[in-house]
Amino acid sequence: MKNNLSIPINEFNEILNEIDNGVMIVDRHGRYLEVNKAMSDRLGYTQSEMRGRSIFELDTPEYAKLAHERLAKIFKEREAVFEVAHKAKDGVIIPAEIKTKVINYNNQDVILVIAKDVSKQKELEEALRVSEEKIFEYIMELELKNVEMEELYRHLDEEIDKALRIHEQTMSKEMPIVEGVSVATYYQPAKKLGGDFYDVIKRENKLVFYVSDVSGHGLDGAIMSMFVKNTISSFVALADDENINPEDILRFLSTQYQIMDYTAEYFISICLMVLNIDSKELLYSSLGFHTPPLVKLNNGDTLTLENKGLPISTAVPTEMLDFKASKIVMQFGSTLLMNTDGLVEQEVADTRYMERLNALFEQMSCLPPKALIQVINNDFNQFNLGRAEAEDDITLLAIKLEEPDVRRKSMIFASDFSALEEVYSWLSTELKNHEDVEMTYMVLQEVIGNAIEHGNRFDTAKKVMLEICVCNNYIFAQVGDEGEGFAWKKQIEKPLTLEGTEERGRGIAMSRLMSEQLFYNEKGNIAYVICKRKVEEIGKDEIC
């Protein structure tokens with residue numbers, strides 16, 4: 001017998017046996033006429049055992065029922081590709097991909113079948129399918145967890161908001177009015193809610209004020225701060241006048257804390273002072289508060305009020321706490337600055353802010369407390385690469401005993417330039433040096449002009465607010481408008497040049513050139529100006 005290719009049958013079979021894939025020749029009834037060795041070995045039969053068998057026997061049932069339809073398709077289209085599964089002699093199912101083609105073999109049309117074992121491919125596909133199912137299950141589980149986490153975060157946010165409201169309500173927003181004493185405060189949490197706290201309380205001729213740092217930066221911190229405030233406030237309100245001193249107040253706070261029996265992980269660090277408004281005697285004591293307050297006396301001396309001692313905690317026995325108060329006598333014109341460690345311990349490029357703060361206080365302590373805090377905040381933002389937030393909470397409390405002849409000017413006027421005449425007149429009256437008058441007026445003229453034109457847009461229904469304070473060797477002014485503010489930091493950071501500068505930027509540049517400092521609040525609708533006075537025109541007793 002010969003095939004249509006004129007190759008002897010035995011040579012044709014030898015060629016088939018050299019092929020790695022399974023090769024079969026099947027007649028139109030589905031019987032195997034020839035099978036190569038690779039195919040018979042795959043299924044565990046001999047070649048002679050497979051000849052004459054039917055695909056209906058060796059295909060799995062689900063594929064055997066498709067055999068008639070597939071045979072018809074092959075003979076009609078002359079070639080086709082299918083997936084199939086064969087049953088080996090030992091019962092193992094072997095998936096295969098078969099490519100079929102009608103050829104003339106031994107003078108009859110038959111089907112040449114090349115069967116590729118895809119067992120490993122199917123195993124990989126099944127492993128992939130299982131992996132995808134597991135991934136899908138994991139994603140679904142993760143989605144459920146995300147929903148749970150979102151709900152948890154929502155609940156935590158609600159709790160934080162509650163704590164924030166408690167903390168804000170507990171913080172003193174308005175300082176007590178004390179004739180001859182100016183007070184200003186500032187608080188910036190490191191997170192949404194921090195553990196710092198301050199308060200100022202007036203009791204007859206005594207002013208009680210403190211800065212504290214409690215453990216915790218959430219609801220627990222807010223509760224602890226509220227405990228500190230309520231405990232100290234109740235003592236100051238009810239105690240005899242002779243007991244309104246740091247030692248008795250802090251001892252009472254510690255005793256109440258021990259009674260509350262807070263866990264050992266919580267603690268209170270606090271620096272508390274009591275100022276006798278009449279005698280100017282200042283008593284101070286601290287527990288676990290290691291940021292020393294600074295005092296600049298009117299005679300030019302700068303004092304560092306050293307702190308000492310352990311914090312209030314159930315882990316620290318009361319007998320180990322040092323409540324003893326120290327004393328100094330303040331003077332008219334003296335300035336006191338208290339702050340928590342979040343400010344001085346902030347570090348940028350291996351440098352802490354502490355030394356910079358001390359130098360700045362030495363230079364600017366003669367300013368009103370509000371101005372001093374603004375100057376410190378502006379300087380800290382520059383040090384901290386433009387960020388107001390630090391790694392820890394920042395709290396500032398500044399107090400100044402004003403001199404009896406302090407010179408101030410407050411004005412609120414419509415958005416027109418008619419008020420500038422009154423400003424010039426006041427400066428001329430209060431300042432001895434003509435150059436001081438002219439220079440200060442030129443700066444204020446530019447800043448007020450910006451507030452009217454660019455802030456309030458010449459809207460006469462909107463007001464301009466002006467405050468001027470003539471200090472020892474500085475003149476401080478605050479100019480506010482009712483506009484939406486502007487990105488002032490971009491203007492301040494520009495080089496000091498008037499060429500190619502837009503109109504508002506030119507006014508700011510001129511003001512910066514003529515003043516010691518110019519900066520704005522975060523919104524950009526309140527300007528703070530500091531002008532240096534001519535020292536030779538200031539009395540020696542005025543120099544801070």
# chains A, B, ... in the order shown; residues from 1 in each chain; ligands from 1
$ select_by_dssp --residues "region 42-215 of chain A" --states "alpha helix (DSSP H)" --output "ChimeraX atom specification"
/A:42-43,47-50,55-58,61-64,67-77,119-170
$ closest_residue --among "A:Ala371, A:Asp261, A:Glu150, A:Asn381" --to "Gln346 (chain A)" --atoms "only C-alpha atoms"
A:Asn381
$ closest_residue --among "A:Ala115, A:Leu207, A:Ala239, A:Leu360" --to "Leu283 (chain A)" --atoms "only C-alpha atoms"
A:Leu207
$ residues_around --residues "Leu250 (chain A)" --least-positions-apart "3" --cutoff "12 Å" --atoms "only C-alpha atoms" --output "PyMOL selection string"
chain A and resi 208+210+212+228-229+231-233+235-236+243-247+253-257+268-274+284-288+311-312+318+321-325
$ atom_distance --atom1 "CA of Val344 (chain A)" --atom2 "CA of Glu306 (chain A)"
14.9 Å
$ closest_residue --among "A:Phe476, A:Asn339, A:Gly507, A:Cys471" --to "Ala451 (chain A)" --atoms "only C-alpha atoms"
A:Gly507
$ select_by_dssp --residues "region 64-128 of chain A" --states "strand (DSSP E)" --output "ChimeraX atom specification"
/A:79-87,93-105,108-117
$ closest_residue --among "A:Glu34, A:Asp196, A:Glu18, A:Glu204" --to "Gln47 (chain A)" --atoms "only C-alpha atoms"
A:Glu34
$ residues_around --residues "region 482-494 of chain A" --least-positions-apart "4" --cutoff "9 Å" --atoms "only C-alpha atoms" --output "MDAnalysis selection string"
chainID A and resid 386 451 454:457 462:465 505 508:509 512 518:526
$ closest_residue --among "A:Tyr424, A:Tyr528, A:Phe252, A:Phe227" --to "Ile475 (chain A)" --atoms "only C-alpha atoms"
A:Tyr528
$ residues_around --residues "region 402-408 of chain A" --least-positions-apart "6" --cutoff "8 Å" --atoms "only C-alpha atoms" --output "VMD selection string"
chain A and resid 180 to 182 332 to 334 430 467 to 471
$ write_last_selection --atoms "C-alpha atoms" --output "PDB file, in the first residue's frame"
ATOM      1  CA  GLY A 180      -1.701  98.213  82.186  1.00  0.00           C
ATOM      2  CA  VAL A 181      -1.296  94.552  81.191  1.00  0.00           C
ATOM      3  CA  SER A 182      -1.435  93.232  77.616  1.00  0.00           C
ATOM      4  CA  PHE A 332       6.711  98.629  83.584  1.00  0.00           C
ATOM      5  CA  GLY A 333       7.704  97.719  80.044  1.00  0.00           C
ATOM      6  CA  SER A 334       8.709  94.148  80.995  1.00  0.00           C
ATOM      7  CA  GLU A 430       4.066 111.216  68.710  1.00  0.00           C
ATOM      8  CA  GLU A 467      -3.594  99.985  64.828  1.00  0.00           C
ATOM      9  CA  ILE A 468      -0.305 101.772  65.550  1.00  0.00           C
ATOM     10  CA  CYS A 469       1.869 101.334  68.604  1.00  0.00           C
ATOM     11  CA  VAL A 470       5.020 103.353  69.243  1.00  0.00           C
ATOM     12  CA  CYS A 471       7.348 101.110  71.248  1.00  0.00           C
TER      13      CYS A 471
END
$ atom_distance --atom1 "CA of Asp436 (chain A)" --atom2 "CA of Ala419 (chain A)"
19.3 Å
$ closest_residue --among "A:Lys116, A:Tyr266, A:Ala80, A:Glu125" --to "Asp20 (chain A)" --atoms "only C-alpha atoms"
A:Lys116
$ atom_distance --atom1 "CA of Gly195 (chain A)" --atom2 "CA of Leu401 (chain A)"
28.8 Å
$ residues_around --residues "region 99-103 of chain A" --least-positions-apart "2" --cutoff "8 Å" --atoms "only C-alpha atoms" --output "VMD selection string"
chain A and resid 74 to 75 78 to 82 97 105 109 to 115
$ write_last_selection --atoms "C-alpha atoms" --output "CSV table (one decimal), in the first residue's frame"
chain,number,residue,atom,x,y,z
A,74,ILE,CA,-13.7,18.7,9.3
A,75,PHE,CA,-14.7,17.0,6.1
A,78,ARG,CA,-11.1,20.4,5.2
A,79,GLU,CA,-9.4,21.6,8.4
A,80,ALA,CA,-10.3,22.6,12.0
A,81,VAL,CA,-8.9,23.1,15.5
A,82,PHE,CA,-10.5,21.7,18.6
A,97,GLU,CA,-5.4,20.7,21.5
A,105,TYR,CA,-4.1,8.7,2.4
A,109,ASP,CA,-9.9,10.9,2.3
A,110,VAL,CA,-8.8,10.7,5.9
A,111,ILE,CA,-8.1,13.1,8.7
A,112,LEU,CA,-4.6,13.9,9.8
A,113,VAL,CA,-4.8,14.8,13.6
A,114,ILE,CA,-1.9,16.4,15.5
A,115,ALA,CA,-2.6,16.4,19.2
